[in-house]
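To start, the structure itself, in structure tokens.
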Amino acid sequence: MVDIWLSDDHELGIASLEVPVAVDFKDIETSLEAYRKLLLIRTFEETLEALFAKGKIPGFVHTYIGQEAIAVGVCTNLRTDDYVTSTHRGHGHAIAKGIDLNGLMAEVFGKVTGICKGRGGSMHVADFSKGILGANGIVAAGTVIAAGAGLSIQTREEDQVVICFFGDGGINKGTVHEAMNFCSVKKLPVVFVCENNQYAQFTSRKLTTSVSDLSVRGVAYGMSTESVDGNNLVEVVEVSRRAIDNAREGLGPTLVVADTYRFGGHYVGDPQAYRSEDEVNESRRRDPLLLFENYLELHGLADSDRFELEKETISKLVNKAVMFAEQSDYPEAHTATDYVFTDLIEGRQ
Amino acid sequence: MVDIWLSDDHELGIASLEVPVAVDFKDIETSLEAYRKLLLIRTFEETLEALFAKGKIPGFVHTYIGQEAIAVGVCTNLRTDDYVTSTHRGHGHAIAKGIDLNGLMAEVFGKVTGICKGRGGSMHVADFSKGILGANGIVAAGTVIAAGAGLSIQTREEDQVVICFFGDGGINKGTVHEAMNFCSVKKLPVVFVCENNQYAQFTSRKLTTSVSDLSVRGVAYGMSTESVDGNNLVEVVEVSRRAIDNAREGLGPTLVVADTYRFGGHYVGDPQAYRSEDEVNESRRRDPLLLFENYLELHGLADSDRFELEKETISKLVNKAVMFAEQSDYPEAHTATDYVFTDLIEGRQ
Amino acid sequence: MRSISFGQATVEATAAAMREDDTVVITGEDIGWGGNFGQFKGLLEEFGPKRVLDMPISEALILGSAVGAAVTGLRPIASLSFVEFTMGAMDEIVNQAAKFRYMFGGQVSVPMVVRASDGVLRSSGPQHSESFEAFFSHMPGLKVVAPSNPADAKGLLRSAIDDDDPVVYLENKKITFRRGPVPEEDYRTALGQASIARTGSDVSLITYSVMTQHALEAAQVLLEEHSVDAEVVDLRSLVPLDIDSVLRSVAKTRRAVVCHEAWTFGGFGAEIASQINEHLFGELAAPVLRVGAQSAPIAFSPPLERALVPEASEVVQAVLRTVKP
Amino acid sequence: MRSISFGQATVEATAAAMREDDTVVITGEDIGWGGNFGQFKGLLEEFGPKRVLDMPISEALILGSAVGAAVTGLRPIASLSFVEFTMGAMDEIVNQAAKFRYMFGGQVSVPMVVRASDGVLRSSGPQHSESFEAFFSHMPGLKVVAPSNPADAKGLLRSAIDDDDPVVYLENKKITFRRGPVPEEDYRTALGQASIARTGSDVSLITYSVMTQHALEAAQVLLEEHSVDAEVVDLRSLVPLDIDSVLRSVAKTRRAVVCHEAWTFGGFGAEIASQINEHLFGELAAPVLRVGAQSAPIAFSPPLERALVPEASEVVQAVLRTVKP
Ligand SMILES: Cc1ncc(C[n+]2csc(CCOP(=O)(O)OP(=O)(O)O)c2C)c(N)n1
Ligand SMILES: Cc1ncc(C[n+]2csc(CCOP(=O)(O)OP(=O)(O)O)c2C)c(N)n1
Ligand SMILES: [Mg+2]
Ligand SMILES: [Mg+2]
């Protein structure tokens, strides 16, 4: 049943796409750009699933499939010098914020051409030149790091903003509390985006979280709060733009709760005994990609031929990245202790 | 100005004493018992101040003067087998919950007859036989410990309750968030009592806390919340009884915010440059002891002669405790590693 | 004897303890589904959600509530799937669990077990690959257990749950799935008793957890290829530390290599090496060497990971430096 | 030269850094009022509340936000008044600050300083008296500094703030108020260079922080009462570790006692002792001894506290065991 993951105020289907639409989303190029980003994330992740099954990817991989509209919608409003902090499920955020695709793919392969030179892997993709302060293997670690980036902006008297992505499972970590209180006290330019995908690993949110409307958590800090259908790109753009504008203008932080659903397992290979196939299939009816395709068609911005064309382009891009990664070398063993410090350390073994 | 520390709904003076009064507080013995507890804490703490000035107390001491009505009011509703977790400012909670006075005093002296055999000192007074799970030198550490005691009660299917005392400074620790969420999810019998004494060490709450009404923090967890004038004993008894009854009946946790004021410095010897003498003097007009004396007089339960009599009795009690502590021995050096483990550990240096 | 996995062996120990004693409960994230390493499989089904609790992602709460529960009548087993997550609960482990008994003058004991998976497993990356036993063993008031095989895993966990003090039970990821002979019956393996995993006369390999396995492999290679007969001392618990067994072995072989997967620098091996050197001064034929990880977070990329963390070949090399200087 | 306190010396270093570089900010609880040990006195007045931030009681936030600020253009100094409070921020220190540079492949540096007061001071009790340098120095990616006197405190802090890596700066409570000669001008003392606090020929006392003071006292007693001439090597920083100076001294004296206030068991002294033993095998005239605290939380009661934690007399006794076995 789909209603397990939609708050009461979201309707099933495409009806909810009829929210006030930002000017630029009547613009074909803006719209297609967003569509390409959605596609790019989807294709990247599906490609990883296939590669993982073939044993080409070390470690474990958490895919963002089903949640693409959140990262793309939010990041559409960002400048390159804005920051995002991310989670263990970070490829989508990184792509939406503009990470180099080859570097990202090579990183997930553990190659020396990876954006983190193979040191981090899937759970630690980052691109500081694009303001991507890192995916992070510790749940909700990004919240306090985001607060620090916000403090840095305020101290430097810049007008950047920080987006802090975190999950519905992460919301119960103490760091969320400490970060939100501080950002609110100091009116820091931080937007907390809670990706409410209904699960934390194999555990339904209901078992572990005391409130069903997560946005009430923001109220406790005197913060603005917003709830949004996270599968509806246009709505995410709108809602997050308000929050981002407020942050940029010095009005302080907002908590945005974006309802969504994780189509895949917690990690690639997860047997998913904790939920029914029906539930997953039902959720796919609200695939953010389909919803946005519907939107584009409805507004006469694109048709299915166009979709096919874009899909081909994106596929090529991703395949090129795979080629790049596959042809790259692994880092050399003797470099294993590089980058521990900025300078050499004597006396260590 | 006194209004810096009273929420809008508390009136200055004794007017607010006219809340509905519990039956037993028309009872003279119950009332005098509470009065004695208030006095005992006050006298104990003032005695410590004097002893500290004379160099008789090692370490540092945080006194509870001005906040007595909270501990006494809350603990009036408790059974011996109920639990409390406490803070660095824990003497009041311990006395209200029935700790042995000699053992408490000797502990603060660091004597072997102390309740913790001198290992803990002022910041770690505990009496597990009375359900006092310890004062604690780590701010808000008691919150998660209280959650565990609550879980234990629920698992054992008992009808005990846990009171978790913590401060307005402590409310910003991540542990508060984690504990409240969990207690609310599991409907654990835990009452969180936030002693809002306006300061955390030398820092006004306004500088560090995002909301002025602290009770809103409980709302974020779907918890019941209450605000109470923490200097008004009768009101504290009433409000905390509701919360305690609910907890005992399995209706889950409550956050009680008790507004009060710390008459003394953060620790004995604190020069208190961060606040004005006026502010402190003003606050003393709402001394919980005076307010309760007014109440007793108003209801014809006691008069000033009686107050004097009680004061003398209590003074003697405290002096006896001082004598006991002074005449006790320090622990012997060769016992310094006793109580690390329940059994001996070989191979350690 | 039947062969079962390390993880399964711990399930047996836990189930036995839970059957015997109603106050034993398990708390942790996603343990109802069996745990990342199958180490809780079937326990929810047998004991129900009141004794097998799926917790919020709140590590401080998980550990802190274990302390609160332990001093009010339960014997909680608090599980954090990766040892790195203990870092979000260090106050509760170091300042609370470890100190409660002492700072309250022996009024209470704190019978709880902290379970966590440590070590390197196939590119888990820099926040899911480390070994922190040096942190826990330095902290007075904590016992620290690090089994190397399924049979010990079962017996030591049973003892850890029995124990009235907080025990940090560290299960290395690489060996969690490995199988070995495990008695069916319920039994306990005492904390503080090293086992001589292999007797030998030329050099003592002092080790624990996964490195015991590597050391045994190394011993095989040393014998076959270098005619060096190594003794392998598996500590099993670091606190209590069975230093007598260590010294006895080294007094006999006069050579020692201390091995663990954790970083060498400041690692637990330094404690062992220091004690050997102090107590057997003048009796050693070679310096005590240490084999451990190089000082870097554990990288994701397979060749880097392998370069950082020692296995049997590094042990062999160290022994050769010791026996043929 | 004028004499100022250790705390005041750190104020001078901080003020100099803040005057030179607008991106240096300080965050901590109650630092606006000067800090528990006067180590921030006057800084709020000079630099204002935008650069001297009184933080909520949120240690994870204080450390985590320092990481976020450090990778986005600031050079934060995050202060936790007692080192025990770092336990509430260990994820941020160990899993974030220490790993950011490495796990992101050198894309960023993390120029931040963690300041914390450690050690025993007049019955501060079991949650306010400890020394955790063994935790920090085991963790790759952290530098660790532990000055022993006001002049070093000033120069080392200046270097720590300059440093592009996270530096844990540990200031012992017993010496924070002590005075000593400190140059007025702005200067830096390099991390990773031990100082020979006293030259001697019979035994090397390897130490740091407050124990350097105790070792110097002990050296005096040893000379006057036992005709033993001790050399005192003050490490100043543990990471980087100036092992060369240590080995040079011990190679000369052939005897070493490693001293710190932290628990001996699993303490940093074990690392030093292990390295000495390994590198100077066969050249030592006596076993390397360690002087540190006994394994217990630090008790409140004065005689227990004194029994647990070493001072000069324990150093003297250890040296005598070394020179006159
Ligand atoms: C501090 C910490 N605790 C536990 C984990 C293990 N873990 C990884 S992802 C995850 C669930 C996170 O759930 P949520 O925040 O909802 O994010 P989602 O996976 O749904 O995107 C858990 C428990 C972790 N990585 N870090
Ligand atoms: C985790 C932690 N951080 C900081 C401190 C230092 N400290 C001791 S008391 C205190 C203020 C506590 O304020 P509040 O919770 O309001 O309690 P109050 O002192 O007012 O009773 C602080 C910051 C501590 N003991 N523990
Ligand atoms: Mg989720
Ligand atoms: Mg307060």
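As shown in the structure tokens, the chain order sets the letters A, B, ...; within each chain, residues go from 1, and ligands are also counted from 1 in the order they appear.
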
With only C-alpha atoms as the counted atoms, please give the residues lying no more than 12 Å from Arg115 (chain C), apart from itself and same-chain residues fewer than 6 positions off, as number ranges by chain. C: 7, 10, 14, 26-29, 31, 35, 37, 39-40, 62-63, 66, 76-86, 93, 143-147, 153, 157, 160-161, 166-172

Protein and nucleic residues near ligand 2, 9 Å, only C-alpha atoms and all ligand atoms, as a ChimeraX atom specification: /B:62-64,87-90,136-141,166-173,194-205,261-262,266-267 /C:91 /D:29-30,56-59,80-82,84-88,127-128

Could you work out which residues of chain B fall inside 8 Å of chain D? Count only C-alpha atoms, and format the result as a PDB file with N, CA and C atoms, in the first residue's frame.
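Output file part13.pdb follows:
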```pdb
ATOM      1  N   PRO B  58      37.111  18.811  49.400  1.00  0.00           N
ATOM      2  CA  PRO B  58      37.958  18.730  48.200  1.00  0.00           C
ATOM      3  C   PRO B  58      37.115  18.935  46.938  1.00  0.00           C
ATOM      4  N   GLY B  59      37.800  19.195  45.844  1.00  0.00           N
ATOM      5  CA  GLY B  59      37.133  19.273  44.551  1.00  0.00           C
ATOM      6  C   GLY B  59      36.271  20.505  44.399  1.00  0.00           C
ATOM      7  N   PHE B  60      35.243  20.406  43.601  1.00  0.00           N
ATOM      8  CA  PHE B  60      34.325  21.536  43.472  1.00  0.00           C
ATOM      9  C   PHE B  60      32.910  21.098  43.791  1.00  0.00           C
ATOM     10  N   PHE B 109      33.005  14.949  51.641  1.00  0.00           N
ATOM     11  CA  PHE B 109      34.309  15.104  52.297  1.00  0.00           C
ATOM     12  C   PHE B 109      35.372  14.162  51.720  1.00  0.00           C
ATOM     13  N   GLY B 110      34.937  13.169  50.995  1.00  0.00           N
ATOM     14  CA  GLY B 110      35.896  12.189  50.470  1.00  0.00           C
ATOM     15  C   GLY B 110      36.295  11.126  51.474  1.00  0.00           C
ATOM     16  N   LYS B 111      35.402  10.860  52.421  1.00  0.00           N
ATOM     17  CA  LYS B 111      35.735   9.905  53.466  1.00  0.00           C
ATOM     18  C   LYS B 111      35.292   8.481  53.095  1.00  0.00           C
ATOM     19  N   GLY B 118      34.010   7.472  49.099  1.00  0.00           N
ATOM     20  CA  GLY B 118      34.970   8.514  48.757  1.00  0.00           C
ATOM     21  C   GLY B 118      35.428   8.497  47.313  1.00  0.00           C
ATOM     22  N   ARG B 119      34.988   7.531  46.552  1.00  0.00           N
ATOM     23  CA  ARG B 119      35.428   7.462  45.154  1.00  0.00           C
ATOM     24  C   ARG B 119      34.794   8.548  44.290  1.00  0.00           C
ATOM     25  N   GLY B 120      33.575   8.943  44.625  1.00  0.00           N
ATOM     26  CA  GLY B 120      32.842   9.820  43.728  1.00  0.00           C
ATOM     27  C   GLY B 120      32.895  11.293  44.090  1.00  0.00           C
ATOM     28  N   GLY B 121      32.633  11.594  45.359  1.00  0.00           N
ATOM     29  CA  GLY B 121      32.582  12.997  45.756  1.00  0.00           C
ATOM     30  C   GLY B 121      31.277  13.651  45.347  1.00  0.00           C
ATOM     31  N   MET B 123      30.068  15.283  42.948  1.00  0.00           N
ATOM     32  CA  MET B 123      29.433  15.158  41.633  1.00  0.00           C
ATOM     33  C   MET B 123      28.932  13.759  41.330  1.00  0.00           C
ATOM     34  N   GLY B 137      28.784  13.745  36.399  1.00  0.00           N
ATOM     35  CA  GLY B 137      29.594  14.896  35.999  1.00  0.00           C
ATOM     36  C   GLY B 137      29.505  15.224  34.529  1.00  0.00           C
ATOM     37  N   ILE B 138      28.821  14.384  33.780  1.00  0.00           N
ATOM     38  CA  ILE B 138      28.672  14.637  32.350  1.00  0.00           C
ATOM     39  C   ILE B 138      27.262  15.167  32.109  1.00  0.00           C
ATOM     40  N   VAL B 139      27.174  16.364  31.579  1.00  0.00           N
ATOM     41  CA  VAL B 139      25.872  16.988  31.387  1.00  0.00           C
ATOM     42  C   VAL B 139      24.976  16.113  30.509  1.00  0.00           C
ATOM     43  N   GLY B 169      20.738  24.013  30.319  1.00  0.00           N
ATOM     44  CA  GLY B 169      21.918  23.916  29.456  1.00  0.00           C
ATOM     45  C   GLY B 169      22.000  22.540  28.831  1.00  0.00           C
ATOM     46  N   GLY B 170      21.729  21.544  29.644  1.00  0.00           N
ATOM     47  CA  GLY B 170      21.802  20.167  29.171  1.00  0.00           C
ATOM     48  C   GLY B 170      20.816  19.851  28.059  1.00  0.00           C
ATOM     49  N   ASN B 172      20.395  20.907  25.295  1.00  0.00           N
ATOM     50  CA  ASN B 172      20.927  20.930  23.931  1.00  0.00           C
ATOM     51  C   ASN B 172      21.861  19.769  23.598  1.00  0.00           C
ATOM     52  N   LYS B 173      22.053  18.863  24.538  1.00  0.00           N
ATOM     53  CA  LYS B 173      22.892  17.689  24.268  1.00  0.00           C
ATOM     54  C   LYS B 173      22.113  16.682  23.417  1.00  0.00           C
ATOM     55  N   GLY B 174      22.829  16.041  22.535  1.00  0.00           N
ATOM     56  CA  GLY B 174      22.215  15.036  21.678  1.00  0.00           C
ATOM     57  C   GLY B 174      21.570  13.894  22.441  1.00  0.00           C
ATOM     58  N   GLN B 201      26.441  27.087  33.456  1.00  0.00           N
ATOM     59  CA  GLN B 201      27.682  27.682  33.933  1.00  0.00           C
ATOM     60  C   GLN B 201      27.552  29.199  33.945  1.00  0.00           C
ATOM     61  N   PHE B 202      28.254  29.873  33.013  1.00  0.00           N
ATOM     62  CA  PHE B 202      28.300  31.334  33.041  1.00  0.00           C
ATOM     63  C   PHE B 202      27.571  31.924  31.835  1.00  0.00           C
ATOM     64  N   THR B 203      26.795  31.072  31.186  1.00  0.00           N
ATOM     65  CA  THR B 203      26.221  31.488  29.923  1.00  0.00           C
ATOM     66  C   THR B 203      24.703  31.466  30.024  1.00  0.00           C
ATOM     67  N   LEU B 207      21.679  32.652  24.828  1.00  0.00           N
ATOM     68  CA  LEU B 207      22.781  32.661  23.871  1.00  0.00           C
ATOM     69  C   LEU B 207      22.899  31.342  23.120  1.00  0.00           C
ATOM     70  N   THR B 208      22.370  30.298  23.677  1.00  0.00           N
ATOM     71  CA  THR B 208      22.707  28.970  23.143  1.00  0.00           C
ATOM     72  C   THR B 208      21.494  28.118  22.811  1.00  0.00           C
ATOM     73  N   THR B 209      20.302  28.594  23.111  1.00  0.00           N
ATOM     74  CA  THR B 209      19.125  27.749  22.949  1.00  0.00           C
ATOM     75  C   THR B 209      18.131  28.431  22.016  1.00  0.00           C
ATOM     76  N   TYR B 274      29.084  37.294  35.332  1.00  0.00           N
ATOM     77  CA  TYR B 274      28.180  37.246  34.183  1.00  0.00           C
ATOM     78  C   TYR B 274      26.750  37.664  34.503  1.00  0.00           C
ATOM     79  N   TYR B 330      39.730   8.876  55.947  1.00  0.00           N
ATOM     80  CA  TYR B 330      39.867   8.807  54.502  1.00  0.00           C
ATOM     81  C   TYR B 330      40.077   7.343  54.104  1.00  0.00           C
ATOM     82  N   PRO B 331      39.738   6.994  52.887  1.00  0.00           N
ATOM     83  CA  PRO B 331      40.039   5.633  52.445  1.00  0.00           C
ATOM     84  C   PRO B 331      41.554   5.425  52.435  1.00  0.00           C
ATOM     85  N   GLU B 332      41.950   4.204  52.570  1.00  0.00           N
ATOM     86  CA  GLU B 332      43.387   3.927  52.584  1.00  0.00           C
ATOM     87  C   GLU B 332      43.924   3.796  51.163  1.00  0.00           C
ATOM     88  N   ALA B 333      45.121   4.295  50.996  1.00  0.00           N
ATOM     89  CA  ALA B 333      45.724   4.361  49.659  1.00  0.00           C
ATOM     90  C   ALA B 333      45.746   2.999  48.982  1.00  0.00           C
ATOM     91  N   HIS B 334      45.982   1.943  49.752  1.00  0.00           N
ATOM     92  CA  HIS B 334      46.118   0.631  49.117  1.00  0.00           C
ATOM     93  C   HIS B 334      44.792   0.093  48.578  1.00  0.00           C
ATOM     94  N   THR B 335      43.691   0.790  48.887  1.00  0.00           N
ATOM     95  CA  THR B 335      42.403   0.351  48.351  1.00  0.00           C
ATOM     96  C   THR B 335      42.027   1.090  47.066  1.00  0.00           C
ATOM     97  N   ALA B 336      42.971   1.854  46.544  1.00  0.00           N
ATOM     98  CA  ALA B 336      42.624   2.764  45.439  1.00  0.00           C
ATOM     99  C   ALA B 336      42.068   2.054  44.219  1.00  0.00           C
ATOM    100  N   THR B 337      42.468   0.825  43.993  1.00  0.00           N
ATOM    101  CA  THR B 337      41.944   0.142  42.805  1.00  0.00           C
ATOM    102  C   THR B 337      40.807  -0.838  43.126  1.00  0.00           C
ATOM    103  N   VAL B 340      37.053  -1.488  40.777  1.00  0.00           N
ATOM    104  CA  VAL B 340      37.129  -1.291  39.325  1.00  0.00           C
ATOM    105  C   VAL B 340      36.310  -2.385  38.637  1.00  0.00           C
ATOM    106  N   ARG B 348      47.117  -6.768  34.785  1.00  0.00           N
ATOM    107  CA  ARG B 348      47.090  -5.308  34.658  1.00  0.00           C
ATOM    108  C   ARG B 348      48.173  -4.764  35.568  1.00  0.00           C
ATOM    109  N   GLN B 349      48.689  -3.656  35.216  1.00  0.00           N
ATOM    110  CA  GLN B 349      49.737  -3.083  36.049  1.00  0.00           C
ATOM    111  C   GLN B 349      49.128  -2.328  37.212  1.00  0.00           C
TER     112      GLN B 349
END
```

Please build the interface table for chain B against chain A with a cut-off of 9 Å, listing for each qualifying residue the nearest atom pair and the distance in Å to one decimal; count only C-alpha atoms, order rows by chain and increasing number, and write it as JSON lines.
```
{"residue": "B:Asn172", "atom": "CA", "partner": "A:Glu178", "partner_atom": "CA", "distance": 6.0}
{"residue": "B:Lys173", "atom": "CA", "partner": "A:Glu178", "partner_atom": "CA", "distance": 6.3}
{"residue": "B:Gly174", "atom": "CA", "partner": "A:Gly174", "partner_atom": "CA", "distance": 3.5}
{"residue": "B:Thr175", "atom": "CA", "partner": "A:Gly174", "partner_atom": "CA", "distance": 5.8}
{"residue": "B:Val176", "atom": "CA", "partner": "A:Gly174", "partner_atom": "CA", "distance": 7.6}
{"residue": "B:His177", "atom": "CA", "partner": "A:Gly174", "partner_atom": "CA", "distance": 5.7}
{"residue": "B:Glu178", "atom": "CA", "partner": "A:Gly174", "partner_atom": "CA", "distance": 5.7}
{"residue": "B:Met180", "atom": "CA", "partner": "A:Ser210", "partner_atom": "CA", "distance": 8.6}
{"residue": "B:Asn181", "atom": "CA", "partner": "A:Ser210", "partner_atom": "CA", "distance": 5.5}
{"residue": "B:Phe182", "atom": "CA", "partner": "A:Thr208", "partner_atom": "CA", "distance": 7.1}
{"residue": "B:Cys183", "atom": "CA", "partner": "A:Ser210", "partner_atom": "CA", "distance": 8.4}
{"residue": "B:Ser184", "atom": "CA", "partner": "A:Ser210", "partner_atom": "CA", "distance": 5.6}
{"residue": "B:Val185", "atom": "CA", "partner": "A:Ser210", "partner_atom": "CA", "distance": 4.6}
{"residue": "B:Lys186", "atom": "CA", "partner": "A:Ser210", "partner_atom": "CA", "distance": 8.4}
{"residue": "B:Lys206", "atom": "CA", "partner": "A:Val185", "partner_atom": "CA", "distance": 8.6}
{"residue": "B:Leu207", "atom": "CA", "partner": "A:Val185", "partner_atom": "CA", "distance": 7.4}
{"residue": "B:Thr208", "atom": "CA", "partner": "A:Val185", "partner_atom": "CA", "distance": 6.3}
{"residue": "B:Thr209", "atom": "CA", "partner": "A:Val185", "partner_atom": "CA", "distance": 6.1}
{"residue": "B:Ser210", "atom": "CA", "partner": "A:Val185", "partner_atom": "CA", "distance": 4.6}
{"residue": "B:Val211", "atom": "CA", "partner": "A:Gly222", "partner_atom": "CA", "distance": 5.8}
{"residue": "B:Leu214", "atom": "CA", "partner": "A:Ala220", "partner_atom": "CA", "distance": 8.3}
{"residue": "B:Ser215", "atom": "CA", "partner": "A:Ala220", "partner_atom": "CA", "distance": 8.6}
{"residue": "B:Val216", "atom": "CA", "partner": "A:Ala220", "partner_atom": "CA", "distance": 5.3}
{"residue": "B:Arg217", "atom": "CA", "partner": "A:Ala220", "partner_atom": "CA", "distance": 4.6}
{"residue": "B:Gly218", "atom": "CA", "partner": "A:Ala220", "partner_atom": "CA", "distance": 7.6}
{"residue": "B:Val219", "atom": "CA", "partner": "A:Ala220", "partner_atom": "CA", "distance": 7.0}
{"residue": "B:Ala220", "atom": "CA", "partner": "A:Arg217", "partner_atom": "CA", "distance": 4.6}
{"residue": "B:Tyr221", "atom": "CA", "partner": "A:Ser210", "partner_atom": "CA", "distance": 5.3}
{"residue": "B:Gly222", "atom": "CA", "partner": "A:Val211", "partner_atom": "CA", "distance": 5.8}
{"residue": "B:Met223", "atom": "CA", "partner": "A:Ser210", "partner_atom": "CA", "distance": 8.4}
```

Let's see if you can do this: from backbone DSSP, list all helix (DSSP H, G or I) residues in region 71-138 of chain A, as a VMD selection string. chain A and resid 71 to 75 91 to 96 101 to 109 122 to 124 128 to 130

Which of region 229-340 of chain A counts as strand (DSSP E) under DSSP, as number ranges by chain please? A: 229, 254-259

Residues as selected, N, CA, C and O atoms, written as a compact mmCIF listing (two decimals), in the first residue's frame, can you do that?
```
# COMPACT_ATOMS: atom_id res chain seq x y z
N ASP A 229 6.25 16.40 -1.25
CA ASP A 229 6.29 15.12 -1.94
C ASP A 229 7.64 15.02 -2.66
O ASP A 229 7.86 15.67 -3.68
N THR A 254 15.92 25.95 7.68
CA THR A 254 14.61 25.32 7.50
C THR A 254 14.81 23.81 7.53
O THR A 254 15.85 23.32 7.10
N LEU A 255 13.81 23.13 8.05
CA LEU A 255 13.77 21.67 7.91
C LEU A 255 12.76 21.32 6.83
O LEU A 255 11.57 21.65 6.95
N VAL A 256 13.24 20.69 5.77
CA VAL A 256 12.36 20.23 4.70
C VAL A 256 12.27 18.71 4.81
O VAL A 256 13.29 18.02 4.76
N VAL A 257 11.06 18.21 4.98
CA VAL A 257 10.87 16.76 4.99
C VAL A 257 10.32 16.34 3.64
O VAL A 257 9.24 16.79 3.24
N ALA A 258 11.07 15.54 2.94
CA ALA A 258 10.67 15.11 1.61
C ALA A 258 10.30 13.64 1.65
O ALA A 258 11.15 12.77 1.85
N ASP A 259 9.01 13.36 1.47
CA ASP A 259 8.55 11.97 1.49
C ASP A 259 8.91 11.26 0.21
O ASP A 259 8.69 11.79 -0.88
```

I'd like to know which of D:Thr199, D:Thr189, D:Gln8, D:Gln96 is closest to chain C, using only C-alpha atoms.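 For chain C, the nearest of the given residues is D:Gln96.
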
So which residues touch Thr260 (chain A) within 10 Å, counting only C-alpha atoms, skipping near sequence neighbours fewer than 3 positions away, as a VMD selection string? chain A and resid 5 to 7 66 to 70 195 to 198 228 to 232 257 263 283 286 to 288

I'd like the neighbourhood of Gly192 (chain D) as a count of residues only, where a residue qualifies if any of its atoms comes within 8 Å (using only C-alpha atoms), though same-chain residues fewer than 2 positions away should be ignored. 11

From the set D:Val246, D:Val288, D:Leu142, D:Val233, which residue has the shortest atom-to-atom contact distance to chain C, counting only C-alpha atoms?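 Between D:Val246, D:Val288, D:Leu142, D:Val233, the residue approaching chain C most closely is D:Val288.
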
One decimal, Å: what's the distance from CA of Glu226 (chain A) over to atom 14 (P, counted along the ligand's line) of ligand 1, could you say? 18.8 Å
